[in-house]
$ cat structure_9.cif   # mmCIF, C-alpha atoms and all ligand atoms
data_run
#
loop_
_atom_site.label_atom_id
_atom_site.label_comp_id
_atom_site.auth_asym_id
_atom_site.auth_seq_id
_atom_site.Cartn_x
_atom_site.Cartn_y
_atom_site.Cartn_z
CA MET T 274 1.81 -14.51 -105.93
CA ARG T 275 -0.17 -12.21 -108.13
CA PRO T 276 -1.48 -9.80 -105.45
CA ARG T 277 2.06 -9.54 -104.02
CA ILE T 278 3.62 -8.57 -107.35
CA PHE T 279 0.81 -6.10 -107.87
CA GLY T 280 1.51 -4.65 -104.38
CA ILE T 281 5.21 -4.16 -105.13
CA PHE T 282 4.39 -2.58 -108.49
CA ALA T 283 1.82 -0.25 -106.87
CA SER T 284 4.24 0.92 -104.19
CA PHE T 285 6.91 1.52 -106.87
CA LEU T 286 4.44 3.68 -108.80
CA LEU T 287 3.52 5.57 -105.64
CA LEU T 288 7.17 6.16 -104.74
CA THR T 289 7.98 7.43 -108.21
CA ALA T 290 5.00 9.77 -108.19
CA CYS T 291 5.80 11.20 -104.74
CA SER T 292 9.58 11.62 -104.99
CA PRO T 293 10.63 15.14 -105.95
CA ALA T 294 11.68 15.65 -109.58
CA PRO T 295 15.45 15.45 -109.93
CA GLU T 296 16.96 18.92 -109.95
CA GLN T 297 17.55 20.20 -113.51
CA LYS T 298 21.25 20.71 -114.00
CA ASN T 299 22.28 23.59 -116.22
CA SER T 300 24.43 21.26 -118.24
CA ALA T 301 21.35 19.17 -119.04
CA SER T 302 19.41 22.05 -120.59
CA PRO T 303 20.13 22.67 -124.26
CA PRO T 304 22.86 25.25 -124.82
CA ILE T 305 22.06 28.76 -125.98
CA GLY T 306 24.49 31.49 -126.93
CA ILE T 307 24.89 34.79 -128.69
CA VAL T 308 27.86 36.66 -130.16
CA ILE T 309 27.96 40.15 -131.68
CA HIS T 310 30.42 42.42 -133.43
CA GLY T 311 30.44 46.14 -134.03
CA GLY T 312 33.09 46.23 -136.74
CA ALA T 313 36.78 45.40 -137.11
CA GLY T 314 39.68 47.64 -138.09
CA THR T 315 42.54 49.78 -136.88
CA ILE T 316 41.06 50.20 -133.43
CA LEU T 317 43.93 51.30 -131.21
CA ARG T 318 44.08 52.17 -127.51
CA GLU T 319 45.96 55.37 -128.24
CA ASN T 320 43.15 56.64 -130.48
CA MET T 321 40.48 56.07 -127.89
CA THR T 322 39.43 58.18 -124.90
CA PRO T 323 38.20 56.34 -121.79
CA GLU T 324 34.73 57.85 -122.40
CA ILE T 325 34.49 56.58 -125.97
CA GLU T 326 35.79 53.16 -124.97
CA ALA T 327 33.23 52.97 -122.15
CA ALA T 328 30.43 54.02 -124.50
CA TYR T 329 31.29 51.19 -126.92
CA ARG T 330 31.55 48.62 -124.15
CA GLU T 331 28.23 49.71 -122.62
CA THR T 332 26.36 49.66 -125.90
CA LEU T 333 27.75 46.23 -126.83
CA ALA T 334 26.66 44.93 -123.41
CA GLU T 335 23.22 46.53 -123.72
CA ALA T 336 22.69 45.06 -127.20
CA ILE T 337 23.75 41.52 -126.35
CA ARG T 338 21.67 41.45 -123.17
CA VAL T 339 18.56 42.11 -125.27
CA GLY T 340 19.24 39.02 -127.39
CA TYR T 341 20.34 36.87 -124.46
CA THR T 342 17.19 37.65 -122.46
CA LEU T 343 15.04 36.72 -125.44
CA LEU T 344 16.92 33.41 -125.90
CA LYS T 345 16.70 32.65 -122.17
CA ASN T 346 12.92 33.13 -122.35
CA GLY T 347 12.63 30.70 -125.25
CA ALA T 348 12.61 33.11 -128.19
CA SER T 349 14.03 32.03 -131.55
CA SER T 350 17.56 32.83 -132.64
CA GLN T 351 15.98 34.86 -135.47
CA GLU T 352 14.22 37.17 -133.04
CA ALA T 353 17.30 37.46 -130.84
CA VAL T 354 19.49 38.44 -133.81
CA GLU T 355 16.96 40.98 -135.12
CA LYS T 356 16.34 42.72 -131.78
CA THR T 357 20.03 42.76 -130.83
CA ILE T 358 20.96 44.36 -134.15
CA HIS T 359 18.21 46.99 -133.67
CA VAL T 360 20.05 48.29 -130.58
CA MET T 361 23.25 48.72 -132.59
CA GLU T 362 21.42 50.19 -135.61
CA ASP T 363 19.88 52.78 -133.25
CA SER T 364 23.26 53.73 -131.76
CA PRO T 365 25.25 56.47 -133.55
CA LEU T 366 28.46 54.67 -132.52
CA PHE T 367 28.17 52.04 -135.24
CA ASN T 368 28.23 52.11 -139.03
CA ALA T 369 24.70 50.73 -139.36
CA GLY T 370 21.34 52.51 -139.28
CA LYS T 371 21.85 55.81 -137.45
CA GLY T 372 25.53 56.73 -137.66
CA ALA T 373 26.14 54.97 -140.99
CA VAL T 374 29.00 56.22 -143.16
CA LEU T 375 28.36 58.54 -146.11
CA THR T 376 28.76 57.89 -149.82
CA ALA T 377 30.78 60.18 -152.12
CA ASP T 378 27.48 61.94 -152.96
CA GLU T 379 26.86 62.61 -149.26
CA THR T 380 24.00 60.17 -149.11
CA ILE T 381 23.38 57.02 -147.08
CA GLU T 382 23.14 53.55 -148.64
CA LEU T 383 22.46 50.77 -146.17
CA ASP T 384 23.03 47.04 -146.68
CA ALA T 385 21.88 44.12 -144.53
CA SER T 386 21.30 40.38 -144.67
CA PHE T 387 19.87 37.61 -142.54
CA MET T 388 20.00 33.80 -142.69
CA ASN T 389 18.01 31.16 -140.84
CA GLY T 390 20.13 28.07 -140.14
CA ALA T 391 17.16 25.72 -139.70
CA THR T 392 15.54 26.32 -143.09
CA LEU T 393 18.47 27.85 -145.01
CA ASP T 394 16.09 30.69 -145.89
CA ALA T 395 17.77 34.04 -146.39
CA GLY T 396 16.97 37.66 -147.15
CA ALA T 397 18.99 40.76 -147.99
CA ILE T 398 18.68 44.40 -148.99
CA SER T 399 21.24 46.77 -150.39
CA GLY T 400 21.39 50.51 -151.01
CA VAL T 401 18.32 51.44 -148.95
CA LYS T 402 18.07 55.07 -147.85
CA LYS T 403 14.97 55.28 -145.69
CA VAL T 404 14.57 52.12 -143.61
CA LYS T 405 15.29 52.70 -139.93
CA HIS T 406 16.15 49.05 -139.28
CA PRO T 407 17.69 47.49 -142.40
CA ILE T 408 18.03 44.08 -140.70
CA SER T 409 14.23 43.89 -140.41
CA ALA T 410 13.90 44.70 -144.11
CA ALA T 411 16.26 41.79 -144.90
CA ILE T 412 14.10 39.49 -142.74
CA LYS T 413 10.91 40.69 -144.47
CA VAL T 414 12.47 39.94 -147.88
CA MET T 415 13.11 36.41 -146.61
CA GLU T 416 9.64 35.95 -145.12
CA ASN T 417 7.33 37.86 -147.41
CA SER T 418 8.83 37.93 -150.89
CA PRO T 419 9.79 35.22 -153.36
CA HIS T 420 13.30 36.74 -153.55
CA VAL T 421 16.53 36.72 -151.57
CA MET T 422 17.87 40.20 -152.34
CA LEU T 423 16.25 43.55 -153.15
CA SER T 424 18.10 46.79 -153.83
CA GLY T 425 17.74 50.56 -154.04
CA GLN T 426 14.39 52.31 -154.33
CA GLY T 427 12.53 49.04 -154.78
CA ALA T 428 13.89 47.74 -151.49
CA ASP T 429 12.85 50.96 -149.72
CA GLN T 430 9.39 50.65 -151.26
CA PHE T 431 9.07 47.00 -150.26
CA ALA T 432 10.09 47.82 -146.68
CA SER T 433 7.50 50.59 -146.53
CA GLU T 434 4.77 48.27 -147.92
CA GLN T 435 5.73 45.76 -145.23
CA GLY T 436 4.96 48.38 -142.58
CA LEU T 437 8.56 48.87 -141.43
CA GLU T 438 9.55 52.19 -139.91
CA ILE T 439 10.57 54.70 -142.60
CA VAL T 440 12.64 57.78 -141.68
CA GLU T 441 13.95 60.88 -143.45
CA PRO T 442 17.50 60.39 -144.78
CA SER T 443 18.68 63.13 -142.35
CA TYR T 444 17.89 60.75 -139.45
CA PHE T 445 21.01 58.69 -140.27
CA PHE T 446 23.49 61.58 -140.50
CA THR T 447 25.98 62.23 -137.70
CA GLU T 448 28.68 64.89 -137.48
CA ARG T 449 31.35 62.26 -137.02
CA ARG T 450 30.55 60.61 -140.37
CA ILE T 451 30.26 63.98 -142.16
CA ASN T 452 33.77 64.81 -140.92
CA SER T 453 35.11 61.38 -141.94
CA LEU T 454 33.83 61.91 -145.47
CA LYS T 455 35.51 65.34 -145.62
CA ARG T 456 38.80 63.84 -144.49
CA VAL T 457 38.66 61.00 -147.00
CA LYS T 458 37.86 63.45 -149.81
CA GLU T 459 40.76 65.68 -148.78
CA ALA T 460 43.07 62.67 -148.77
CA GLU T 461 41.82 61.75 -152.22
CA GLU T 462 42.60 65.23 -153.54
CA GLN T 463 46.13 65.11 -152.20
CA THR T 464 48.41 63.13 -154.44
CA LEU T 465 48.76 60.17 -152.14
CA SER T 466 50.24 57.00 -153.54
CA SER T 467 47.65 54.32 -154.09
CA ALA T 468 49.09 52.35 -151.14
CA GLN T 469 48.65 55.37 -148.86
CA THR T 470 45.14 56.01 -150.15
CA SER T 471 44.11 52.43 -149.58
CA LEU T 472 45.58 52.49 -146.06
CA TYR T 473 43.69 55.71 -145.39
CA LEU T 474 40.45 54.30 -146.73
CA ARG T 475 40.93 51.15 -144.70
CA ASN T 476 41.15 53.24 -141.55
CA GLN T 477 37.96 55.11 -142.38
CA ARG T 478 35.89 52.01 -142.35
CA TYR T 479 34.51 49.95 -139.50
CA GLY T 480 31.49 49.91 -137.33
CA THR T 481 29.44 47.36 -139.28
CA VAL T 482 27.31 45.33 -136.88
CA GLY T 483 26.48 41.64 -136.77
CA CYS T 484 24.96 39.01 -134.54
CA VAL T 485 24.86 35.22 -134.45
CA ALA T 486 22.76 33.16 -132.06
CA LEU T 487 21.90 29.61 -131.03
CA ASP T 488 18.46 29.09 -129.47
CA ALA T 489 17.22 26.38 -127.12
CA LYS T 490 15.73 24.42 -130.05
CA GLY T 491 19.20 24.14 -131.59
CA ASN T 492 18.45 26.65 -134.35
CA LEU T 493 21.18 28.99 -135.57
CA ALA T 494 20.72 32.44 -137.15
CA ALA T 495 23.03 35.15 -138.44
CA GLY T 496 22.52 38.80 -139.40
CA THR T 497 24.72 41.69 -140.55
CA SER T 498 23.92 45.39 -141.10
CA THR T 499 26.14 48.19 -142.44
CA GLY T 500 26.48 51.53 -144.16
CA GLY T 501 29.38 50.06 -146.14
CA MET T 502 32.53 52.11 -146.75
CA THR T 503 33.01 55.87 -146.46
CA ASN T 504 33.08 57.71 -149.82
CA LYS T 505 31.72 54.70 -151.71
CA LYS T 506 30.70 55.43 -155.29
CA TRP T 507 28.65 53.91 -158.08
CA ASN T 508 26.24 52.13 -155.72
CA ARG T 509 29.10 49.96 -154.49
CA ILE T 510 27.93 46.92 -152.52
CA GLY T 511 30.16 45.10 -150.00
CA ASP T 512 29.96 41.68 -148.41
CA ALA T 513 27.43 42.48 -145.68
CA PRO T 514 24.28 41.85 -147.77
CA ILE T 515 25.78 38.90 -149.64
CA ILE T 516 24.74 35.53 -148.30
CA GLY T 517 27.81 33.32 -148.00
CA ALA T 518 30.22 36.28 -147.87
CA GLY T 519 29.10 38.48 -144.95
CA THR T 520 26.43 36.25 -143.46
CA TYR T 521 25.75 32.52 -143.34
CA ALA T 522 23.87 30.12 -141.07
CA ASN T 523 23.34 26.37 -141.24
CA ASN T 524 22.13 24.24 -138.34
CA ALA T 525 24.50 21.49 -139.49
CA THR T 526 27.52 23.69 -138.85
CA CYS T 527 27.51 27.29 -137.65
CA ALA T 528 26.25 30.85 -137.96
CA ILE T 529 28.72 33.55 -139.07
CA SER T 530 28.62 37.34 -139.42
CA ALA T 531 31.61 39.12 -140.96
CA THR T 532 33.05 42.61 -140.96
CA GLY T 533 35.97 43.98 -142.88
CA TRP T 534 37.11 45.02 -146.29
CA GLY T 535 34.07 43.78 -148.18
CA GLU T 536 35.68 43.21 -151.56
CA TYR T 537 38.07 40.64 -150.05
CA PHE T 538 35.30 39.02 -148.03
CA ILE T 539 33.21 38.58 -151.19
CA ARG T 540 36.15 37.06 -153.07
CA SER T 541 36.91 34.71 -150.18
CA VAL T 542 33.22 33.81 -149.61
CA VAL T 543 34.19 34.05 -145.95
CA ALA T 544 31.07 33.05 -144.03
CA HIS T 545 30.26 30.04 -146.20
CA ASP T 546 33.88 28.95 -146.37
CA ILE T 547 34.00 28.64 -142.57
CA SER T 548 30.84 26.53 -142.65
CA ALA T 549 32.21 24.41 -145.52
CA LEU T 550 35.48 23.71 -143.67
CA MET T 551 33.42 22.49 -140.73
CA GLU T 552 31.07 20.42 -142.88
CA TYR T 553 33.55 18.82 -145.26
CA LYS T 554 36.72 18.71 -143.17
CA GLY T 555 35.20 18.31 -139.72
CA LEU T 556 37.11 21.31 -138.37
CA SER T 557 36.04 23.13 -135.22
CA ILE T 558 34.54 26.61 -135.60
CA GLN T 559 37.71 28.14 -134.11
CA GLU T 560 40.05 26.32 -136.48
CA ALA T 561 37.90 26.98 -139.56
CA SER T 562 37.63 30.70 -138.69
CA ARG T 563 41.36 30.98 -138.05
CA ILE T 564 42.22 29.48 -141.44
CA VAL T 565 39.79 31.69 -143.35
CA ILE T 566 40.66 34.98 -141.63
CA HIS T 567 44.40 34.57 -141.03
CA GLU T 568 45.38 32.46 -144.00
CA LYS T 569 42.87 32.89 -146.82
CA VAL T 570 41.64 36.51 -146.47
CA ALA T 571 45.06 37.72 -145.32
CA ALA T 572 46.79 36.04 -148.30
CA LEU T 573 44.69 38.15 -150.66
CA GLY T 574 45.55 41.32 -148.71
CA GLY T 575 42.17 41.70 -147.02
CA ASP T 576 41.50 42.52 -143.40
CA GLY T 577 38.62 42.18 -140.99
CA GLY T 578 37.03 39.61 -138.74
CA ILE T 579 34.08 37.38 -137.97
CA VAL T 580 31.94 36.26 -135.07
CA GLY T 581 30.49 32.77 -135.14
CA ILE T 582 28.68 30.17 -133.07
CA ASP T 583 28.23 26.46 -133.76
CA ASN T 584 25.31 24.18 -133.04
CA ARG T 585 26.71 23.28 -129.59
CA GLY T 586 27.38 26.85 -128.50
CA ASN T 587 31.12 26.94 -129.22
CA ILE T 588 32.11 30.35 -130.51
CA ALA T 589 34.72 32.12 -132.61
CA MET T 590 35.68 35.80 -132.56
CA GLU T 591 38.53 35.99 -135.05
CA MET T 592 40.21 39.04 -136.63
CA ASN T 593 43.40 39.99 -138.45
CA THR T 594 43.04 43.66 -137.50
CA PRO T 595 44.22 45.39 -134.30
CA GLY T 596 40.68 45.37 -132.97
CA MET T 597 37.08 44.30 -133.35
CA TYR T 598 34.21 45.47 -131.16
CA ARG T 599 32.72 42.23 -129.92
CA ALA T 600 30.76 40.53 -127.13
CA HIS T 601 29.56 37.07 -126.14
CA MET T 602 27.02 35.65 -123.67
CA ASP T 603 26.94 31.91 -122.99
CA SER T 604 24.19 29.65 -121.63
CA GLU T 605 24.89 30.73 -118.04
CA GLY T 606 24.71 34.41 -118.96
CA THR T 607 28.44 35.05 -118.56
CA LEU T 608 29.20 38.26 -120.45
CA THR T 609 32.47 38.96 -122.28
CA VAL T 610 33.03 42.32 -124.00
CA LYS T 611 36.27 42.99 -125.91
CA ILE T 612 37.62 45.62 -128.26
CA PHE T 613 41.34 45.16 -128.83
CA GLN T 614 42.86 42.06 -130.44
CA ASP T 615 45.21 41.39 -127.51
CA GLU T 616 42.46 41.35 -124.83
N1 LIG X 701 32.19 44.83 -144.70
C1 LIG X 701 31.66 46.15 -144.85
C2 LIG X 701 31.68 46.53 -146.29
O1 LIG X 701 32.64 46.24 -146.98
C3 LIG X 701 32.38 47.19 -144.07
C4 LIG X 701 32.81 46.78 -142.67
O2 LIG X 701 32.52 45.70 -142.23
O3 LIG X 701 33.45 47.59 -141.99
O4 LIG X 701 30.76 47.17 -146.74
#
$ encode --input "structure_9.cif" --output "structure tokens"
Amino acid sequence: MRPRIFGIFASFLLLTACSPAPEQKNSASPPIGIVIHGGAGTILRENMTPEIEAAYRETLAEAIRVGYTLLKNGASSQEAVEKTIHVMEDSPLFNAGKGAVLTADETIELDASFMNGATLDAGAISGVKKVKHPISAAIKVMENSPHVMLSGQGADQFASEQGLEIVEPSYFFTERRINSLKRVKEAEEQTLSSAQTSLYLRNQRYGTVGCVALDAKGNLAAGTSTGGMTNKKWNRIGDAPIIGAGTYANNATCAISATGWGEYFIRSVVAHDISALMEYKGLSIQEASRIVIHEKVAALGGDGGIVGIDNRGNIAMEMNTPGMYRAHMDSEGTLTVKIFQDE
């Protein structure tokens, strides 16, 4: 009996070794995904030329492809978020890095934050004037300092000591933002009612950038970078560099990057609230985002939007404004780029 059993066992082993490996189905590989935004606000078809619209769509597609390719090749969600945001920080189209809005003193003050969903580590900078890529400064704060947030001159100095690229303040200036500041100041000088002024200011904002990603190891990351709001005074800081408000990531739930009227997003603790609704109430990322943006932020009078991704690759792109520059790439590399709310 024994030799026979051994023979059967040996031929089974041989068969297993020689048969071709079963084909890997896409659905069997762990999901990856990436979502970006380039700001939310009163983005209307009638205010946009076909050339400008095409430029936004192309740059969004270019940025997200950078992150997607990294994820596809096994890079971490942290790297994908950082490199994707670099593309948007380098583009004068967005209110982040080059092309950032101007303060009342005609200077630039940049804010950014990053969060790693696997470790819950986070880093942020606010009011920097010389760092070419503020998102990288936020990541360096997370990795190489004992702190979470640095501001002003100290943050610029830290970024320089970390070997990040430092540029002259003039690098960030664009004619478009110089003109926006002029227009906001003129509006301020006219005796507009406070409701008109706030509507005007609201329309002068947008272009903040953000990215959330899920990598093949199941790790989530989120990052946000902005110049803040045109004509800001007194070293005003918005939600973008505030962990929990503008940015949040937790492998147990989701990664979120927000854009909008920062004061309302801070008060609503938007990014963390979406994660909390998922964690404590078991809501989906879409339902949690809808409640926070359309019910909670809107009830306070705030406007804006978020992009988010959960730990299975489900996404949310939610706004209560007429538009939000946004794009998504899923595991299969299907690209979606949208601008207007009704797309
Ligand atoms: N949230 C940014 C801020 O308040 C601005 C924006 O997203 O458009 O600074």
$ residues_near_ligand --input "structure_9.cif" --ligand "ligand LIG 701 (chain X)" --cutoff "10 Å" --atoms "only C-alpha atoms and all ligand atoms" --output "CSV table (one decimal) with C-alpha atoms, in the coordinates of the input"
chain,number,residue,atom,x,y,z
T,310,HIS,CA,30.4,42.4,-133.4
T,311,GLY,CA,30.4,46.1,-134.0
T,312,GLY,CA,33.1,46.2,-136.7
T,313,ALA,CA,36.8,45.4,-137.1
T,314,GLY,CA,39.7,47.6,-138.1
T,367,PHE,CA,28.2,52.0,-135.2
T,368,ASN,CA,28.2,52.1,-139.0
T,369,ALA,CA,24.7,50.7,-139.4
T,374,VAL,CA,29.0,56.2,-143.2
T,383,LEU,CA,22.5,50.8,-146.2
T,384,ASP,CA,23.0,47.0,-146.7
T,385,ALA,CA,21.9,44.1,-144.5
T,475,ARG,CA,40.9,51.2,-144.7
T,476,ASN,CA,41.2,53.2,-141.6
T,477,GLN,CA,38.0,55.1,-142.4
T,478,ARG,CA,35.9,52.0,-142.4
T,479,TYR,CA,34.5,50.0,-139.5
T,480,GLY,CA,31.5,49.9,-137.3
T,481,THR,CA,29.4,47.4,-139.3
T,482,VAL,CA,27.3,45.3,-136.9
T,483,GLY,CA,26.5,41.6,-136.8
T,497,THR,CA,24.7,41.7,-140.6
T,498,SER,CA,23.9,45.4,-141.1
T,499,THR,CA,26.1,48.2,-142.4
T,500,GLY,CA,26.5,51.5,-144.2
T,501,GLY,CA,29.4,50.1,-146.1
T,502,MET,CA,32.5,52.1,-146.8
T,503,THR,CA,33.0,55.9,-146.5
T,505,LYS,CA,31.7,54.7,-151.7
T,509,ARG,CA,29.1,50.0,-154.5
T,510,ILE,CA,27.9,46.9,-152.5
T,511,GLY,CA,30.2,45.1,-150.0
T,512,ASP,CA,30.0,41.7,-148.4
T,513,ALA,CA,27.4,42.5,-145.7
T,514,PRO,CA,24.3,41.8,-147.8
T,518,ALA,CA,30.2,36.3,-147.9
T,519,GLY,CA,29.1,38.5,-145.0
T,530,SER,CA,28.6,37.3,-139.4
T,531,ALA,CA,31.6,39.1,-141.0
T,532,THR,CA,33.0,42.6,-141.0
T,533,GLY,CA,36.0,44.0,-142.9
T,534,TRP,CA,37.1,45.0,-146.3
T,535,GLY,CA,34.1,43.8,-148.2
T,536,GLU,CA,35.7,43.2,-151.6
T,537,TYR,CA,38.1,40.6,-150.0
T,538,PHE,CA,35.3,39.0,-148.0
T,539,ILE,CA,33.2,38.6,-151.2
T,576,ASP,CA,41.5,42.5,-143.4
T,577,GLY,CA,38.6,42.2,-141.0
T,578,GLY,CA,37.0,39.6,-138.7
T,579,ILE,CA,34.1,37.4,-138.0
T,597,MET,CA,37.1,44.3,-133.4
$ atom_distance --input "structure_9.cif" --atom1 "atom CA of Leu317 of chain T" --atom2 "atom CA of Val610 of chain T"
15.9 Å
$ closest_residue --input "structure_9.cif" --among "T:Ile451, T:Met551, T:Ile358, T:Ile582" --to "Ala373 of chain T" --atoms "all atoms listed in the file"
T:Ile451
$ atom_distance --input "structure_9.cif" --atom1 "atom CA of Ser557 of chain T" --atom2 "atom CA of Leu608 of chain T"
22.2 Å
$ atom_distance --input "structure_9.cif" --atom1 "atom CA of Ile309 of chain T" --atom2 "atom CA of Ala600 of chain T"
5.4 Å
$ closest_atom_pairs --input "structure_9.cif" --of "segment 369-447 of chain T" --to "segment 359-362 of chain T" --cutoff "10 Å" --atoms "only C-alpha atoms" --output "CSV"
residue,atom,partner,partner_atom,distance
T:Ala369,CA,T:Glu362,CA,5.0
T:Gly370,CA,T:Glu362,CA,4.3
T:Lys371,CA,T:Glu362,CA,5.9
T:Gly372,CA,T:Glu362,CA,8.0
T:Ala373,CA,T:Glu362,CA,8.6
T:Lys405,CA,T:Glu362,CA,7.9
T:His406,CA,T:His359,CA,6.3
T:Pro407,CA,T:Glu362,CA,8.2
T:Ile408,CA,T:His359,CA,7.6
T:Ser409,CA,T:His359,CA,8.4
T:Phe445,CA,T:Glu362,CA,9.7
$ closest_residue --input "structure_9.cif" --among "T:Ala460, T:Ala494, T:Ala410, T:Ala327" --to "Gly436 of chain T" --atoms "all atoms listed in the file"
T:Ala410
$ residues_around --input "structure_9.cif" --residues "Ser548 of chain T" --least-positions-apart "6" --cutoff "12 Å" --atoms "only C-alpha atoms" --output "MDAnalysis selection string"
chainID T and resid 390 517:518 520:530 542 554:562 564:565 581:584
$ write_last_selection --input "structure_9.cif" --atoms "C-alpha atoms" --output "PDB file, keeping the file's coordinate frame"
ATOM      1  CA  GLY T 390      20.130  28.070-140.140  1.00  0.00           C
ATOM      2  CA  GLY T 517      27.810  33.320-148.000  1.00  0.00           C
ATOM      3  CA  ALA T 518      30.220  36.280-147.870  1.00  0.00           C
ATOM      4  CA  THR T 520      26.430  36.250-143.460  1.00  0.00           C
ATOM      5  CA  TYR T 521      25.750  32.520-143.340  1.00  0.00           C
ATOM      6  CA  ALA T 522      23.870  30.120-141.070  1.00  0.00           C
ATOM      7  CA  ASN T 523      23.340  26.370-141.240  1.00  0.00           C
ATOM      8  CA  ASN T 524      22.130  24.240-138.340  1.00  0.00           C
ATOM      9  CA  ALA T 525      24.500  21.490-139.490  1.00  0.00           C
ATOM     10  CA  THR T 526      27.520  23.690-138.850  1.00  0.00           C
ATOM     11  CA  CYS T 527      27.510  27.290-137.650  1.00  0.00           C
ATOM     12  CA  ALA T 528      26.250  30.850-137.960  1.00  0.00           C
ATOM     13  CA  ILE T 529      28.720  33.550-139.070  1.00  0.00           C
ATOM     14  CA  SER T 530      28.620  37.340-139.420  1.00  0.00           C
ATOM     15  CA  VAL T 542      33.220  33.810-149.610  1.00  0.00           C
ATOM     16  CA  LYS T 554      36.720  18.710-143.170  1.00  0.00           C
ATOM     17  CA  GLY T 555      35.200  18.310-139.720  1.00  0.00           C
ATOM     18  CA  LEU T 556      37.110  21.310-138.370  1.00  0.00           C
ATOM     19  CA  SER T 557      36.040  23.130-135.220  1.00  0.00           C
ATOM     20  CA  ILE T 558      34.540  26.610-135.600  1.00  0.00           C
ATOM     21  CA  GLN T 559      37.710  28.140-134.110  1.00  0.00           C
ATOM     22  CA  GLU T 560      40.050  26.320-136.480  1.00  0.00           C
ATOM     23  CA  ALA T 561      37.900  26.980-139.560  1.00  0.00           C
ATOM     24  CA  SER T 562      37.630  30.700-138.690  1.00  0.00           C
ATOM     25  CA  ILE T 564      42.220  29.480-141.440  1.00  0.00           C
ATOM     26  CA  VAL T 565      39.790  31.690-143.350  1.00  0.00           C
ATOM     27  CA  GLY T 581      30.490  32.770-135.140  1.00  0.00           C
ATOM     28  CA  ILE T 582      28.680  30.170-133.070  1.00  0.00           C
ATOM     29  CA  ASP T 583      28.230  26.460-133.760  1.00  0.00           C
ATOM     30  CA  ASN T 584      25.310  24.180-133.040  1.00  0.00           C
TER      31      ASN T 584
END
$ closest_residue --input "structure_9.cif" --among "T:His567, T:Pro323, T:Ala489, T:Leu333" --to "Lys345 of chain T" --atoms "only C-alpha atoms"
T:Ala489
$ residues_around --input "structure_9.cif" --residues "Val421 of chain T" --least-positions-apart "4" --cutoff "12 Å" --atoms "all atoms listed in the file" --output "list of chain:residue names"
T:Ala385, T:Ser386, T:Phe387, T:Met388, T:Leu393, T:Asp394, T:Ala395, T:Gly396, T:Ala397, T:Ile398, T:Ser399, T:Ala410, T:Ala411, T:Ile412, T:Lys413, T:Val414, T:Met415, T:Glu416, T:Asn417, T:Ala428, T:Pro514, T:Ile515, T:Ile516
$ closest_residue --input "structure_9.cif" --among "T:Ser424, T:Ser364, T:Asn593, T:Gln463" --to "Lys569 of chain T" --atoms "only C-alpha atoms"
T:Asn593
$ closest_residue --input "structure_9.cif" --among "T:Ala391, T:Val401, T:Ile305, T:Val485" --to "Ala348 of chain T" --atoms "only C-alpha atoms"
T:Ile305
$ residues_around --input "structure_9.cif" --residues "Ser604 of chain T" --least-positions-apart "5" --cutoff "12 Å" --atoms "only C-alpha atoms" --output "number ranges by chain"
T: 299-308, 341-342, 344-346, 486-489, 585-588
